[in-house]
Structures are given as structure tokens and as C-alpha cells.
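Colleague: Handing you this structure, nothing more for now.
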Amino acid sequence: MSPAAKPGNHVAEWYGHRVFPVVAGTPNALADQRAGRCPFLTEATGENRLCVKNENSTGVCTVSSTSKTHGRQDWLVCPIRSLDTPLVEDVARRLFDITADAQVEVVPVTVLADPQRRATFRAAVTAGTPCVAYFQTKLGGEITLAATERSPEFSFDATMVEILPDGAGGLRLGRYGIFEIQTMDYHGSYRAAVSNLRDALRLHHNDFHDALASRPQWLSEKMEGPNISNVFKRTFYQMMFKFQIGAHPTSAGCVFAIPSRCGTPGNGTSPPRSWSTAATVHGSWVSPPRS
């Protein structure tokens with residue numbers, strides 16, 4: 001075991017479904033895991049989408065680790081995990097001042113290539129429904145700002161744009177907003193644990209979830225701890241630049257999701273979302289996270 005390795009690091013979610021400390025033994029979970037499907041990209045696009053991670057980390061969304069001060073915690077390790085619909089809609093409501101009880105239409109820009117989805121979205125804009133389209137690395141690509149003499153080139157994890165009626169039957173662009181997702185880095189590799197999961201799924205078939213529940217050690221083999229110091233340094237660097245962009249007059253603001261703990265493990269299919277919005281910049285002020 002390397003110096004960075006600590007006992008108690010486990011894959012917590014695999015292909016979007018809880019596998020530790022409890023196992024979400026649902027038909028949907030088994031179907032996603034067998035297919036190698038990302039439920040978050042699939043829901044966002046309305047199409048069957050596979051996990052985009054490499055073979056050594058495929059399917060790993062969150063990792064559960066122990067610490068002396070907080071006990072067991074879940075950490076976000078895949079930015080696409082944050083693209084579940086309730087969270088994306090919550091970010092849009094914060095950025096564009098949309099009330100919690102108002103209907104909102106938030107879609108990745110890629111779905112607007114489909115004529116039917118585009119017509120539905122246009123109708124919602126015309127009807128006065130708050131409508132937002134967003135770019136993300138796997139959904140239209142990240143928006144990048146060129147380097148200057150005073151700053152390096154950098155990209156936004158997700159960029160949201162409000163779409164408004166132009167008053168003449170057409171559409172126009174409104175303000176833009178930035179959604180930054182800072183995931184946690186881990187020392188080492190998930191390779192051994194992921195290999196165990198794939199082998200168990202192949203060998204145990206319909207009993208896969210029961211096998212996982214009785215052998216949690218499969219999920220922790222050669223798993224090392226979080227690299228908190230590295231993420232801490234990177235987080236403040238990004239906040240310094242991107243909060244300035246969020247304060248621009250044409251911007252609705254910046255929501256920054258930092259890898260504070262997801263929370264103590266729950267007994268459902270996903271962890272609590274307390275990590276989702278650490279701070280929101282609107283113009284020149286910063287709002288605290290909602291409870």
C-alpha cells in the first residue's frame with residue numbers, strides 16, 4: 001500500500017447508482033450498469049449515452065472516503081454527475097432569478113439540432129417560459145476564453161445562456177451564466193476496483209447487487225485517498241478568474257460547485273446534493289449556498 005493509500009476508500013456510485021455503503025439493487029441500476037450507460041447524459045439528451053470515462057475509471061461517479069474529522073463522506077469525481085436535471089435547473093434558477101415555483105426549460109444545446117425538440121423549445125420561449133440552453137464539454141463543447149497578457153487561456157465547465165423572444169416572432173440571446181464544477185482528485189487509480197465491479201457483473205448476472213452487498217472489499221481494492229491539497233489550490237485559482245467574469249455586466253453570474261463533501265452516505269440511489277452550489281456571484285455580490 002502506498003503512503004497515500006488509506007483504508008476506507010470505496011467506489012460509492014457506479015454508472016449513477018449507489019454501490020456503497022448500501023447497494024441500490026433496482027432494475028434501472030442493473031440495466032445502466034450492464035449497458036455501461038451514463039444516466040445523466042442519457043436524461044439530458046433523451047438519447048442512450050454511454051459513460052465517457054476511460055477503461056480504468058469507467059462508471060465511477062462518486063467515491064466514499066473516511067476522515068478523522070468528518071467520518072465517512074462522499075466525494076464527486078466526475079463532473080457529468082452534476083448534470084442531473086434537478087441540479088441543472090437549480091443552477092439556472094439561481095443565475096437568472098427564476099422563482100422556485102416557476103416552470104423552467106433547461107436543455108443542452110445539442111438537443112436543439114433535433115427539429116421536434118427545437119420546435120418545443122421555441123414554443124416555450126414564445127409562451128414566456130424561462131428558457132435556458134447550456135454548453136458542456138460533452139454537450140456542445142466548453143466555451144473557451146483566449147489568453148491575454150494578464151491571464152492564461154481557460155474554459156468554463158458549463159455555460160448557460162437565456163433565450164428570449166425578440167418581440168417580432170424570433171428569438172434573441174439574453175445574459176450568459178457560468179456553472180463551474182470542481183471535482184475531487186484521488187491519488188492512484190480506480191483500476192482494480194473497477195475491474196472487480198466489471199468481473200462481478202459478468203459472473204453474478206442477476207445476483208450482482210447481492211454479491212456487492214456481501215463483498216464491499218471489492219470496491220476498495222487499491223483505492224487511495226483524496227488529493228485535497230491539490231484541489232484546494234486549483235479551486236482558489238479558478239475562483240479568482242471566473243468570479244470576475246461572472247461579475248461582468250452582460251453576465252448573469254457564476255455558480256461555483258466545490259468538492260465539499262457530498263454528505264454522509266444515504267440509503268438511496270444518489271448522495272445528498274449539499275455539494276452542488278457553494279457560492280453564486282451576481283454582479284458584484286456573492287450569495288451563500290441555499291440550505
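All residue names refer to the C-alpha cells as shown: chains lettered A, B, ... in order, residues numbered from 1 in each chain, ligands numbered from 1 in order.
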Might you pull out every residue within 9 Å of A:Leu30, with only C-alpha atoms counted and same-chain residues fewer than 4 positions away left off, and present them as a list in words?
Modeller: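 Once the nearby chain positions are removed, what remains is His17, Ala24, Gly25, Thr26, Arg34, Ala35, Leu201, Asn206, Phe208 and His209 of chain A.
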Colleague: Keeping only C-alpha atoms, write the selected residues to a file as a compact mmCIF listing (two decimals), in the first residue's frame.
Modeller:
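Dumped to out_28.txt:
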# COMPACT_ATOMS: atom_id res chain seq x y z
CA HIS A 17 -26.27 4.22 -8.87
CA ALA A 24 -29.22 0.29 -4.98
CA GLY A 25 -30.46 -3.05 -6.25
CA THR A 26 -33.02 -1.72 -8.72
CA ARG A 34 -24.89 -3.74 -17.85
CA ALA A 35 -25.08 -1.24 -20.71
CA LEU A 201 -21.26 -8.07 -13.08
CA ASN A 206 -28.89 -11.02 -11.76
CA PHE A 208 -24.72 -8.83 -8.96
CA HIS A 209 -26.14 -6.43 -6.36
Colleague: If you run DSSP on the backbone, which residues of stretch 21-50 of chain A are helix (DSSP H, G or I), as a JSON list (two decimals) with C-alpha atoms, in the first residue's frame?
Modeller:
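Contents of result-v8.json, as written:
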[["chain", "number", "residue", "atom", "x", "y", "z"],
["A", 27, "PRO", "CA", -33.77, -2.91, -12.26],
["A", 28, "ASN", "CA", -32.79, 0.52, -13.61],
["A", 29, "ALA", "CA", -29.43, 0.34, -11.83],
["A", 30, "LEU", "CA", -28.69, -3.11, -13.23],
["A", 31, "ALA", "CA", -29.73, -2.03, -16.74],
["A", 32, "ASP", "CA", -27.45, 1.03, -16.68],
["A", 33, "GLN", "CA", -24.52, -0.96, -15.29],
["A", 34, "ARG", "CA", -24.89, -3.74, -17.85],
["A", 35, "ALA", "CA", -25.08, -1.24, -20.71],
["A", 39, "PRO", "CA", -27.96, 8.05, -16.77],
["A", 40, "PHE", "CA", -27.18, 11.78, -16.56],
["A", 41, "LEU", "CA", -26.12, 12.26, -20.19],
["A", 42, "THR", "CA", -28.97, 9.97, -21.22],
["A", 43, "GLU", "CA", -31.55, 12.03, -19.34],
["A", 44, "ALA", "CA", -30.12, 15.34, -20.53],
["A", 45, "THR", "CA", -30.13, 14.38, -24.21]]
Colleague: So the first atom is atom CA of A:Cys131 and the second is atom CA of A:Val255; what is the distance between them in Å, to one decimal place?
Modeller: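 Separation between atom CA of A:Cys131 and atom CA of A:Val255: 17.7 Å.
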Colleague: Extract, using only C-alpha atoms, all DNA, RNA and protein residues at most 12 Å from A:Ala92, discarding same-chain residues fewer than 2 positions from it, and format them as an MDAnalysis selection string.
Modeller: chainID A and resid 83 85:90 94:100 102:107 130:134 158:162 175:179 252:255 277 280
Colleague: For the residues in that selection, give me N, CA and C atoms as a CSV table (one decimal), in the first residue's frame.
Modeller:
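Dumped everything to part23.csv:
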chain,number,residue,atom,x,y,z
A,83,LEU,N,-24.8,16.9,-13.8
A,83,LEU,CA,-25.7,17.3,-14.8
A,83,LEU,C,-27.1,16.6,-14.7
A,85,THR,N,-30.9,16.5,-13.8
A,85,THR,CA,-31.9,17.6,-14.1
A,85,THR,C,-32.2,18.5,-13.0
A,86,PRO,N,-32.5,18.0,-11.8
A,86,PRO,CA,-32.9,19.0,-10.7
A,86,PRO,C,-31.7,19.9,-10.3
A,87,LEU,N,-30.5,19.5,-10.4
A,87,LEU,CA,-29.4,20.3,-10.1
A,87,LEU,C,-29.2,21.4,-11.2
A,88,VAL,N,-29.2,21.0,-12.4
A,88,VAL,CA,-29.0,21.9,-13.5
A,88,VAL,C,-30.1,23.0,-13.5
A,89,GLU,N,-31.4,22.6,-13.2
A,89,GLU,CA,-32.5,23.6,-13.1
A,89,GLU,C,-32.3,24.5,-11.9
A,90,ASP,N,-31.7,24.0,-10.8
A,90,ASP,CA,-31.5,24.8,-9.7
A,90,ASP,C,-30.4,25.9,-10.0
A,94,ARG,N,-30.9,30.0,-10.0
A,94,ARG,CA,-30.1,31.0,-9.3
A,94,ARG,C,-29.5,32.0,-10.2
A,95,LEU,N,-29.0,31.6,-11.3
A,95,LEU,CA,-28.3,32.6,-12.2
A,95,LEU,C,-29.3,33.6,-12.8
A,96,PHE,N,-30.5,33.1,-13.2
A,96,PHE,CA,-31.4,34.0,-13.9
A,96,PHE,C,-32.6,34.4,-13.1
A,97,ASP,N,-32.5,34.3,-11.8
A,97,ASP,CA,-33.5,34.8,-10.9
A,97,ASP,C,-34.9,34.3,-11.2
A,98,ILE,N,-35.0,33.0,-11.4
A,98,ILE,CA,-36.2,32.3,-11.7
A,98,ILE,C,-36.7,31.7,-10.4
A,99,THR,N,-38.0,32.0,-10.1
A,99,THR,CA,-38.5,31.5,-8.8
A,99,THR,C,-38.6,30.0,-8.7
A,100,ALA,N,-38.6,29.5,-7.5
A,100,ALA,CA,-38.7,28.0,-7.4
A,100,ALA,C,-39.9,27.4,-7.9
A,102,ALA,N,-41.7,28.5,-10.5
A,102,ALA,CA,-42.0,28.8,-11.9
A,102,ALA,C,-41.5,27.6,-12.8
A,103,GLN,N,-42.2,27.4,-13.9
A,103,GLN,CA,-41.7,26.4,-14.8
A,103,GLN,C,-40.5,26.9,-15.5
A,104,VAL,N,-39.5,26.0,-15.8
A,104,VAL,CA,-38.3,26.4,-16.5
A,104,VAL,C,-37.9,25.3,-17.5
A,105,GLU,N,-37.4,25.7,-18.6
A,105,GLU,CA,-36.9,24.8,-19.6
A,105,GLU,C,-35.4,25.0,-19.8
A,106,VAL,N,-34.7,23.9,-19.4
A,106,VAL,CA,-33.2,24.0,-19.5
A,106,VAL,C,-32.8,22.8,-20.3
A,107,VAL,N,-32.1,23.0,-21.4
A,107,VAL,CA,-31.6,22.0,-22.3
A,107,VAL,C,-30.2,22.1,-22.7
A,130,PRO,N,-39.4,30.8,-18.9
A,130,PRO,CA,-37.9,31.0,-18.8
A,130,PRO,C,-37.2,29.8,-19.5
A,131,CYS,N,-36.4,30.1,-20.4
A,131,CYS,CA,-35.7,29.0,-21.2
A,131,CYS,C,-34.2,29.3,-21.3
A,132,VAL,N,-33.5,28.2,-21.0
A,132,VAL,CA,-32.0,28.3,-20.9
A,132,VAL,C,-31.4,27.2,-21.7
A,133,ALA,N,-30.4,27.4,-22.5
A,133,ALA,CA,-29.6,26.4,-23.2
A,133,ALA,C,-28.2,26.5,-22.7
A,134,TYR,N,-27.6,25.3,-22.6
A,134,TYR,CA,-26.2,25.3,-22.0
A,134,TYR,C,-25.2,24.4,-22.8
A,158,ALA,N,-19.4,24.6,-17.7
A,158,ALA,CA,-20.7,24.7,-18.4
A,158,ALA,C,-21.1,26.2,-18.5
A,159,THR,N,-21.6,26.6,-19.7
A,159,THR,CA,-22.0,27.9,-19.9
A,159,THR,C,-23.5,27.9,-20.2
A,160,MET,N,-24.3,28.7,-19.5
A,160,MET,CA,-25.7,28.8,-19.7
A,160,MET,C,-26.1,30.1,-20.4
A,161,VAL,N,-27.0,30.1,-21.3
A,161,VAL,CA,-27.5,31.3,-22.0
A,161,VAL,C,-29.0,31.3,-22.0
A,162,GLU,N,-29.5,32.4,-21.5
A,162,GLU,CA,-31.0,32.6,-21.6
A,162,GLU,C,-31.4,32.9,-23.0
A,175,ARG,N,-28.7,37.1,-21.2
A,175,ARG,CA,-27.4,37.0,-20.5
A,175,ARG,C,-26.9,35.6,-20.5
A,176,TYR,N,-25.6,35.5,-20.2
A,176,TYR,CA,-25.0,34.2,-20.0
A,176,TYR,C,-24.6,34.0,-18.6
A,177,GLY,N,-24.5,32.8,-18.2
A,177,GLY,CA,-24.1,32.4,-16.8
A,177,GLY,C,-23.1,31.3,-16.8
A,178,ILE,N,-22.3,31.2,-15.8
A,178,ILE,CA,-21.2,30.2,-15.8
A,178,ILE,C,-21.5,29.2,-14.6
A,179,PHE,N,-21.3,27.9,-14.9
A,179,PHE,CA,-21.5,26.9,-13.9
A,179,PHE,C,-20.2,26.1,-13.9
A,252,ALA,N,-25.0,36.9,-16.1
A,252,ALA,CA,-26.0,36.7,-15.0
A,252,ALA,C,-25.3,36.2,-13.7
A,253,GLY,N,-24.0,35.8,-13.8
A,253,GLY,CA,-23.3,35.4,-12.7
A,253,GLY,C,-22.5,34.1,-12.8
A,254,CYS,N,-22.0,33.6,-11.8
A,254,CYS,CA,-21.2,32.4,-11.8
A,254,CYS,C,-21.6,31.5,-10.6
A,255,VAL,N,-22.0,30.3,-10.8
A,255,VAL,CA,-22.3,29.3,-9.7
A,255,VAL,C,-21.0,28.4,-9.7
A,277,THR,N,-24.0,23.8,-4.9
A,277,THR,CA,-23.7,25.2,-5.2
A,277,THR,C,-23.1,25.9,-4.0
A,280,THR,N,-22.6,31.7,-5.3
A,280,THR,CA,-23.1,32.3,-6.5
A,280,THR,C,-22.8,33.7,-6.6
Colleague: Compile the contact shell of A:Thr62 as an MDAnalysis selection string: residues with an atom at most 8 Å away, counting only C-alpha atoms, same-chain residues fewer than 5 positions apart removed.
Modeller: chainID A and resid 11:14 74:78
Colleague: Limited to N, CA and C atoms, could you put the picked residues into a file as an mmCIF file, in the first residue's frame?
Modeller:
data_model
loop_
_atom_site.group_PDB
_atom_site.id
_atom_site.type_symbol
_atom_site.label_atom_id
_atom_site.label_comp_id
_atom_site.auth_asym_id
_atom_site.auth_seq_id
_atom_site.Cartn_x
_atom_site.Cartn_y
_atom_site.Cartn_z
ATOM 1 N N VAL A 11 -15.436 2.903 -4.088
ATOM 2 C CA VAL A 11 -16.330 3.409 -5.132
ATOM 3 C C VAL A 11 -17.728 3.476 -4.535
ATOM 4 N N ALA A 12 -18.373 4.638 -4.607
ATOM 5 C CA ALA A 12 -19.682 4.825 -3.967
ATOM 6 C C ALA A 12 -20.838 4.764 -4.950
ATOM 7 N N GLU A 13 -20.611 5.273 -6.159
ATOM 8 C CA GLU A 13 -21.629 5.193 -7.208
ATOM 9 C C GLU A 13 -20.982 4.646 -8.466
ATOM 10 N N TRP A 14 -21.668 3.741 -9.118
ATOM 11 C CA TRP A 14 -21.167 3.168 -10.365
ATOM 12 C C TRP A 14 -22.257 3.299 -11.409
ATOM 13 N N ASP A 74 -18.906 11.269 0.974
ATOM 14 C CA ASP A 74 -18.882 11.039 -0.467
ATOM 15 C C ASP A 74 -18.231 12.232 -1.151
ATOM 16 N N TRP A 75 -17.435 11.945 -2.183
ATOM 17 C CA TRP A 75 -16.791 12.999 -2.958
ATOM 18 C C TRP A 75 -17.145 12.834 -4.435
ATOM 19 N N LEU A 76 -17.428 13.945 -5.079
ATOM 20 C CA LEU A 76 -17.736 13.957 -6.506
ATOM 21 C C LEU A 76 -16.445 13.808 -7.301
ATOM 22 N N VAL A 77 -16.378 12.825 -8.213
ATOM 23 C CA VAL A 77 -15.164 12.630 -9.006
ATOM 24 C C VAL A 77 -15.417 12.706 -10.507
ATOM 25 N N CYS A 78 -16.663 12.901 -10.913
ATOM 26 C CA CYS A 78 -16.990 13.042 -12.334
ATOM 27 C C CYS A 78 -17.874 14.266 -12.519
#
Colleague: Name the residues of stretch 153-211 of chain A that fall into strand (DSSP E or B) according to DSSP on the backbone, using the chain letters and numbers of this document, as number ranges by chain.
Modeller: A: 154-155, 158-165, 171-181, 186
Colleague: For those residues, write C-alpha atoms to a file as a PDB file, in the first residue's frame.
Modeller:
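Saved result, result-v8.pdb, follows:
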ATOM      1  CA  PHE A 154      -9.220  28.914 -19.677  1.00  0.00           C
ATOM      2  CA  SER A 155     -12.561  27.238 -20.265  1.00  0.00           C
ATOM      3  CA  ALA A 158     -20.723  24.705 -18.399  1.00  0.00           C
ATOM      4  CA  THR A 159     -22.030  27.939 -19.897  1.00  0.00           C
ATOM      5  CA  MET A 160     -25.732  28.766 -19.707  1.00  0.00           C
ATOM      6  CA  VAL A 161     -27.472  31.272 -21.995  1.00  0.00           C
ATOM      7  CA  GLU A 162     -31.003  32.571 -21.562  1.00  0.00           C
ATOM      8  CA  ILE A 163     -33.052  32.536 -24.763  1.00  0.00           C
ATOM      9  CA  LEU A 164     -35.665  35.284 -25.068  1.00  0.00           C
ATOM     10  CA  PRO A 165     -38.374  36.281 -27.570  1.00  0.00           C
ATOM     11  CA  LEU A 171     -35.505  34.654 -30.658  1.00  0.00           C
ATOM     12  CA  ARG A 172     -32.603  36.544 -29.154  1.00  0.00           C
ATOM     13  CA  LEU A 173     -29.817  35.767 -26.721  1.00  0.00           C
ATOM     14  CA  GLY A 174     -30.018  37.183 -23.222  1.00  0.00           C
ATOM     15  CA  ARG A 175     -27.437  37.019 -20.469  1.00  0.00           C
ATOM     16  CA  TYR A 176     -24.986  34.187 -20.036  1.00  0.00           C
ATOM     17  CA  GLY A 177     -24.069  32.424 -16.809  1.00  0.00           C
ATOM     18  CA  ILE A 178     -21.192  30.201 -15.756  1.00  0.00           C
ATOM     19  CA  PHE A 179     -21.500  26.878 -13.932  1.00  0.00           C
ATOM     20  CA  GLU A 180     -18.175  25.589 -12.617  1.00  0.00           C
ATOM     21  CA  ILE A 181     -17.866  22.083 -11.184  1.00  0.00           C
ATOM     22  CA  TYR A 186      -7.721  10.962  -5.952  1.00  0.00           C
TER      23      TYR A 186
END
Colleague: I need the residue nearest A:Gln217 from this list: A:Val19, A:Val60, A:Ile143, A:Met184. Use only C-alpha atoms for the distance.
Modeller: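 Residue with the minimum atom-to-atom distance to A:Gln217: A:Val19.
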Colleague: Just checking: using only C-alpha atoms, which residue out of A:His10, A:Arg234, A:Arg37, A:Lys242 ends up closest to A:Tyr190?
Modeller: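 Looking only at the distances to A:Tyr190, the closest residue turns out to be A:His10.
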Colleague: Taking 6 positions as the minimum chain separation for residues in the same chain, which residues sit within 8 Å of A:Ser57 when counting only C-alpha atoms? Answer as a ChimeraX atom specification.
Modeller: /A:189-191,194
Colleague: Could you dump the residues just selected with N, CA and C atoms as a PDB file, in the first residue's frame?
Modeller:
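Final output, saved to again07.pdb:
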ATOM      1  N   SER A 189      -5.212   5.038  -8.724  1.00  0.00           N
ATOM      2  CA  SER A 189      -6.139   4.691  -9.798  1.00  0.00           C
ATOM      3  C   SER A 189      -7.307   3.882  -9.246  1.00  0.00           C
ATOM      4  N   TYR A 190      -8.447   3.960  -9.947  1.00  0.00           N
ATOM      5  CA  TYR A 190      -9.615   3.142  -9.590  1.00  0.00           C
ATOM      6  C   TYR A 190      -9.578   1.788 -10.307  1.00  0.00           C
ATOM      7  N   ARG A 191      -8.507   1.512 -11.016  1.00  0.00           N
ATOM      8  CA  ARG A 191      -8.477   0.381 -11.940  1.00  0.00           C
ATOM      9  C   ARG A 191      -8.869  -0.943 -11.298  1.00  0.00           C
ATOM     10  N   VAL A 194     -12.614  -1.006 -10.273  1.00  0.00           N
ATOM     11  CA  VAL A 194     -13.474  -1.057 -11.464  1.00  0.00           C
ATOM     12  C   VAL A 194     -13.411  -2.435 -12.107  1.00  0.00           C
TER      13      VAL A 194
END
